[in-house]
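Participant: One structure, as structure tokens, below. Some questions next.
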Amino acid sequence: MSALLYQELGIFDCVVLKHIKDDSFLIHFANDNWFNTLFPGMHVGDEIVLDDTPYYLVDFLYDAKEFWGLNSQGRINSGIWSEQVGRKVLRLEAAAISKKDENFLVLFNLENEYNKRQSTLQIARELLISNDKVLEQHEVIRERIEALAVQQNNRSSINLPVTEVIQGAEFGVAIISHEYQPIEQNPALFKLFEMQVGDGGQPAALLMDLCGRQFPEFQRILDTRSRWSGELYWMKPPSLSRWMQLTVCPIESEIDGLYWLLLVTDVSREKYLQQSNEKLTYFDVLTNLPNRQYYWQCLENAIDGGQSFFAMQLDIRQLKTINEVFGFAVGDTVLKELAERLRQLISPNDVLARIGGNEFAVILREAPHQNCEQIARRMVSDICAPYYVMEEQYKCSVGVSIGVSHFPYDSVIAEELMKYADLASFTAKQSGKNVVQFYSRELKDSSLRRMELEAALRDAIENGEFELFLQPILDLSTGKVSQAEALIRWRRPDVGLVFPDEFIPIAEKTGLIIAIGKWVIQEASRLLSQLHENGQYIKLSVNLSPAQVSDRSLLHFIKEHIETNEVDPTYLELELTEGVLVNDFERINHFLSEVRKLGVSVAIDDFGTGYSSLSYLPKLPIDFLKIDRSFIGELIDSESNKAIVLAILAMAESLKLGVIAEGVEVESQKAFLSKHRCQSAQGYLFSRPVPFDEFCKLL
Amino acid sequence: MIQKKICMLGASAVGKTSLVKQFVEGIFSDKYLTSIGVKIDKKKLEVDETTVQLMLWDIEGVDRYAGFNPKYLRGAAAAIIVVDQTRTQSFLEGIEICRLVKLEKEIPIFLVANKSDLPKSESWDSAADCGVTSLFELSFSTSAKTGEGVEDMFLNVAKAALNK
Ligand SMILES: Nc1nc2c(ncn2[C@@H]2O[C@H](COP(=O)(O)OP(=O)(O)O)[C@@H](O)[C@H]2O)c(=O)[nH]1
Ligand SMILES: [Mg+2]
């Protein structure tokens with residue numbers, strides 16, 4: 001009786017088979033509609049043997065029997081399958097269920113669920129595939145252009161092959177200078193924006209403009225030369241609009257510096273497809289969390305609500321590595337679990353969203369007993385806890401940096417709140433640890449200053465704003481200038497003279513150090529040849545930073561400039577710090593030997609401060625040690641410093657190395673050094689670093 | 001009659017369903033309809049005077065929406081991993097699936113580069129030429145659209161399934 005009622009209500013769209021033994025079942029209940037299609041001629045109360053068809057169901061019996069054997073409660077499912085019977089296709093799923101010593105096999109007709117799932121997945125998969133294709137094409141072009149940029153060794157900037165590569169591309173490609181001026185724009189790009197080549201339109205500029213307006217973090221991406229990809233919306237009134245997928249990559253060319261490569265594909269079709277499905281419009285299918293679009297809305301709503309809250313942005317690191325090492329499936333599992341861990345930490349009133357491939361965002365409402373900082377720290381520790389993947393066989397982990405902005409104190413505009421959280425999270429990331437960073441005015445100011453400095457530094461190379469100052473080094477036995485150290489200064493327009501400790505660390509971080517270091521070598525060679533011309537044969541030493549030593553083209557560069565300036569290489573010296581030496585012994589050893597073959601000499605800078613020097617010193621081809629200024633400064637009053645200096649002098653003598661004492665400021669220091677047969681000294685006692693002209697007068 | 005279970009595996013939309021359709025019914029459709037779950041088709045073949053019935057398990061594409069379910073491999077005599085030569089990513093995913101199959105079971109695995117009627121993706125050769133072919137019993141190039149190579153591929157798989 002009840003069964004009939006259920007059936008009428010449509011709840012019981014199933015077939016219930018009671019297990020008798022082996023492969024035999026009693027038909028306990030059946031929905032007539034499709035039961036007869038599946039088992040023609042059978043009726044409720046009949047016995048049925050499942051030993052051949054339906055194949056999938058028969059296969060599932062292995063699992064079912066195993067499950068029944070466990071005598072446990074609950075059920076297991078077979079997973080959905082399609083059963084073709086003649087022309088009809090049934091969408092079915094089976095479950096094995098135990099109830100009071102009786103075992104049942106229940107078949108469900110999942111026609112509706114199947115259709116729903118198929119329509120969502122259909123779109124999701126088409127999107128995934130087209131996205132793969134777009135990124136793949138972008139990647140191919142990017143690699144080619146990058147390769148060309150590196151190969152370029154003549155001065156003709158972006159040259160013919162690049163044009164050839166991009167002209168025929170099916171999607172839009174633009175190359176712009178670091179001042180955002182277009183260098184190349186291919187025909188497909190003009191077409192995307194409904195422009196004609198040659199009619200004066202500037203699609204690349206339009207593109208940059210759109211990015212700036214639609215992505216709060218875009219300026220930061222440019223300022224920090226990051227790679228980025230995202231979707232843009234472009235509208236041309238009255239009726240034309242397009243969705244575009246854009247990839248932005250910085251391209252470093254050794255000669256011409258930085259370019260930007262922009263790759264754009266029209267993804268309108270995919271986007272409209274996505275929008276035809278509500279779930280896909282607002283949710284990320286993988287994690288089931290709100291997506292970026294939905295997050296914006298939530299943020300706007302939260303602002304309208306007026307109650308104070310925190311906007312958090314979480315950047316997940318090392319996901320790419322996981323994808324590369326373990327494959328996407330594992331990367332996705334990690335993401336899902338990560339989302340789940342985060343969900344546990346926030347309350348149902350808060351919002352957790354996935355706003356990018358490796359970015360999550362949270363709107364955390366301020367409540368009496370909620371402390372945002374504590375929660376953020378919990379997030380860091382929970383996210384960083386290991387993930388066990390591939391049947392728990394492997395362990396992997398990710399890192400995170402969290403940036404937080406505070407409504408209404410930091411801003412009352414959604415765009416700014418996101419921008420500030422992004423900036424804070426980027427700052428956290430820069431520090432390299434798993435940290436939480438709150439946005440503040442100072443953060444903005446200091447990052448602005450940093451970015452300005454960085455931008456100015458780039459221009460400085462081009463505009464020739466650097467200058468080499470020379471600090472004389474005296475031969476203590478004769479009292480004459482025997483050599484000089486070249487020290488870089490930056491004559492920054494409107495600011496004045498900037499010292500290296502202010503800009504070299506930034507140059508090192510941004511990679512500009514390579515270019516700057518080369519300029520130093522080039523300029524030193526030029527100065528040397530001038531000295532030669534004046535009949536002054538004085539050695540010049542230049543400082544090398546660790547990054548330069550790893551630059552494989554450096555050796556060739558030095559050689560080239562020695563030759564073009566016709567200088568005697570024995571008058572050039574390279575200074576390296578101890579740290580560089582121990583990093584990669586084999587490589588350094590090779591490098592220094594090659595340098596020596598050119599006739600150039602090598603000095604160890606800041607000697608004595610670093611590592612256990614004795615172990616590597618005898619093995620390396622070096623000529624001079626420069627005793628660090630810290631030992632000289634307190635030489636007279638500190639017995640231990642005296643001892644160290646004496647030890648260095650003795651060691652140098654036994655290794656037949658020359659010694660230069662740095663930072664000599666008073667007569668007593670000079671006297672001590674002379675007495676103990678230190679050959680050379682440098683310091684304010686003799687002269688500060690001075691411009692070349694002044695230096696010449698000292699000779 | 002001998003029955004042999006063969007699993008069709010691979011990323012979504014590489015042509016698993018199309019290959020089975022072409023082989024079993026001789027038809028092809030350009031329209032893509034994503035598969036959900038499993039569908040089993042059968043087809044009889046003569047291999048050196050033995051009749052074998054292939055049970056072809058067409059399994060939902062392994063991607064971020066559907067994981068790899070090792071249970072499906074139970075009783076399988078061979079696995080066919082289909083990749084789409086217009087999409088390099090599908091090759092990488094195929095390799096990953098191959099690894100997962102090997103973890104589970106020792107059966108012959110065949111690599112099928114489908115859609116040979118279309119041009120290869122630009123990065124295909126550099127990705128495919130990385131020595132992974134040794135993971136596979138044999139590799140084939142097919143087109144479910146024109147039927148090129150399809151029959152021959154299934155025949156070879158049947159032979160391997162029969163240990164011939
Ligand atoms: N040109 C071409 N298209 C194919 C070929 N095989 C499959 N397709 C198309 O690729 C899409 C996906 O095919 P399908 O068999 O559903 O892939 P599955 O997800 O692996 O089962 C469909 O649009 C097919 O028409 C082929 O050999 N050549
Ligand atoms: Mg399919």
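Residue numbering restarts at 1 in every chain; chains get A, B, ... in the order shown in the structure tokens, and ligands count up from 1 in that same order.
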When DSSP works through the backbone of this structure, what residues of stretch 340-499 of chain A end up as strand (DSSP E), shown as a ChimeraX atom specification?

Facilitator: /A:351-356,359-365,387-389,394-396,399-407,436-438,466-475,480-492,496-498

Participant: Report the closest atom pair, with its distance in Å rounded to one decimal, for each residue of chain A that has an atom no farther than 6 Å from chain B; count only C-alpha atoms, sort by chain and then rising residue number, and write it as CSV.

Facilitator:
residue,atom,partner,partner_atom,distance
A:Ile80,CA,B:Gly37,CA,5.0
A:Trp81,CA,B:Val38,CA,4.6
A:Ser82,CA,B:Lys39,CA,5.0
A:Gln122,CA,B:Thr34,CA,5.5

Participant: Find the residues around A:Leu574 up to 7 Å (only C-alpha atoms counted), leave out those fewer than 5 positions away in its own chain, and share them as a PDB file with C-alpha atoms, in the first residue's frame.

Facilitator:
ATOM      1  CA  SER A 541      88.846  47.302  -9.075  1.00  0.00           C
ATOM      2  CA  VAL A 542      85.105  46.812  -9.524  1.00  0.00           C
ATOM      3  CA  ASN A 543      82.605  44.986  -7.336  1.00  0.00           C
ATOM      4  CA  LEU A 544      80.699  41.974  -8.603  1.00  0.00           C
ATOM      5  CA  SER A 601      93.084  39.873 -10.990  1.00  0.00           C
ATOM      6  CA  VAL A 602      90.684  38.919  -8.225  1.00  0.00           C
ATOM      7  CA  ALA A 603      90.234  40.285  -4.731  1.00  0.00           C
TER       8      ALA A 603
END

Participant: As a quick test: using only C-alpha atoms and all ligand atoms, which residues lie no more than 10 Å away from ligand 1? Give them as an MDAnalysis selection string.

Facilitator: (chainID A and resid 122 125:126) or (chainID B and resid 8:22 28:36 58:62 81:86 113:119 141:150)

Participant: Please extract the residues of stretch 5-136 of chain B with a backbone DSSP assignment of alpha helix (DSSP H) and present them as a PyMOL selection string.

Facilitator: chain B and resi 16-25+88-104+124-128

Participant: What would the file look like if the residues just selected were written as a PDB file, in the first residue's frame with C-alpha atoms?

Facilitator:
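Result file follows (result.pdb):
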ATOM      1  CA  LYS B  16      36.725   7.975 -26.381  1.00  0.00           C
ATOM      2  CA  THR B  17      33.001   7.825 -27.020  1.00  0.00           C
ATOM      3  CA  SER B  18      33.517   8.649 -30.679  1.00  0.00           C
ATOM      4  CA  LEU B  19      36.059   5.859 -31.135  1.00  0.00           C
ATOM      5  CA  VAL B  20      33.693   3.321 -29.632  1.00  0.00           C
ATOM      6  CA  LYS B  21      30.828   4.611 -31.751  1.00  0.00           C
ATOM      7  CA  GLN B  22      32.895   4.464 -34.895  1.00  0.00           C
ATOM      8  CA  PHE B  23      34.101   0.976 -34.117  1.00  0.00           C
ATOM      9  CA  VAL B  24      30.792  -0.513 -32.958  1.00  0.00           C
ATOM     10  CA  GLU B  25      28.262   1.319 -35.089  1.00  0.00           C
ATOM     11  CA  THR B  88      48.935  18.944 -25.746  1.00  0.00           C
ATOM     12  CA  GLN B  89      47.430  19.169 -22.294  1.00  0.00           C
ATOM     13  CA  SER B  90      45.439  15.999 -22.996  1.00  0.00           C
ATOM     14  CA  PHE B  91      48.690  14.160 -23.612  1.00  0.00           C
ATOM     15  CA  LEU B  92      50.053  15.175 -20.231  1.00  0.00           C
ATOM     16  CA  GLU B  93      46.818  14.123 -18.611  1.00  0.00           C
ATOM     17  CA  GLY B  94      47.012  10.814 -20.469  1.00  0.00           C
ATOM     18  CA  ILE B  95      50.462  10.168 -19.058  1.00  0.00           C
ATOM     19  CA  GLU B  96      49.141  10.890 -15.587  1.00  0.00           C
ATOM     20  CA  ILE B  97      46.278   8.437 -16.077  1.00  0.00           C
ATOM     21  CA  CYS B  98      48.751   5.857 -17.337  1.00  0.00           C
ATOM     22  CA  ARG B  99      50.699   6.234 -14.147  1.00  0.00           C
ATOM     23  CA  LEU B 100      47.566   5.746 -12.076  1.00  0.00           C
ATOM     24  CA  VAL B 101      46.637   2.608 -14.027  1.00  0.00           C
ATOM     25  CA  LYS B 102      50.080   1.180 -13.516  1.00  0.00           C
ATOM     26  CA  LEU B 103      49.826   1.766  -9.803  1.00  0.00           C
ATOM     27  CA  GLU B 104      46.654  -0.264  -9.741  1.00  0.00           C
ATOM     28  CA  TRP B 124      52.644  18.414 -29.523  1.00  0.00           C
ATOM     29  CA  ASP B 125      55.862  17.009 -30.867  1.00  0.00           C
ATOM     30  CA  SER B 126      58.058  18.489 -28.208  1.00  0.00           C
ATOM     31  CA  ALA B 127      55.749  17.182 -25.479  1.00  0.00           C
ATOM     32  CA  ALA B 128      55.189  13.746 -26.991  1.00  0.00           C
TER      33      ALA B 128
END

Participant: Please provide the set of residues having any atom within 8 Å of A:Glu467, restricted to only C-alpha atoms, with same-chain residues fewer than 5 positions apart removed, written as a PyMOL selection string.

Facilitator: chain A and resi 488-491+691

Participant: Using atom CA of A:Gln437 and atom CA of A:Tyr294 as the two end points, give the distance in Å to one decimal.

Facilitator: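 Between atom CA of A:Gln437 and atom CA of A:Tyr294 the gap works out to 24.5 Å.
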
Participant: Can you tell me how far atom CA of A:Leu314 sits from atom CA of A:Glu442, in Å to one decimal?

Facilitator: 20.8 Å

Participant: Near A:Trp234, counting only C-alpha atoms, which residues have an atom at most 10 Å away, once you skip same-chain residues fewer than 4 positions from it, shown as a list in words?

Facilitator: Leu192, Phe193, Leu206, Leu207, Leu210, Leu240, Ser241, Arg242, Trp243 and Met244 of chain A

Participant: For A:Ser253, which residue among A:Leu512, A:Ile20, A:Ile322, A:Leu581 is the nearest when counting only C-alpha atoms?

Facilitator: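 Going through A:Leu512, A:Ile20, A:Ile322, A:Leu581 one by one, the smallest distance to A:Ser253 is for A:Leu512.
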
Participant: Can you pull out every residue within 12 Å of A:Ala460, counting only C-alpha atoms, but drop anything in the same chain fewer than 5 positions away, and send it as a ChimeraX atom specification?

Facilitator: /A:452-455,465-467,489-493,498,503,507,512,515-516,519

Participant: Find the residues around A:Ile660 up to 10 Å (only C-alpha atoms counted), leave out those fewer than 5 positions away in its own chain, and share them as JSON, numbers by chain.

Facilitator: {"A": [473, 474, 475, 476, 603, 604, 605, 607, 624, 625, 626, 627, 628, 649, 673, 678, 679, 680, 681, 682]}
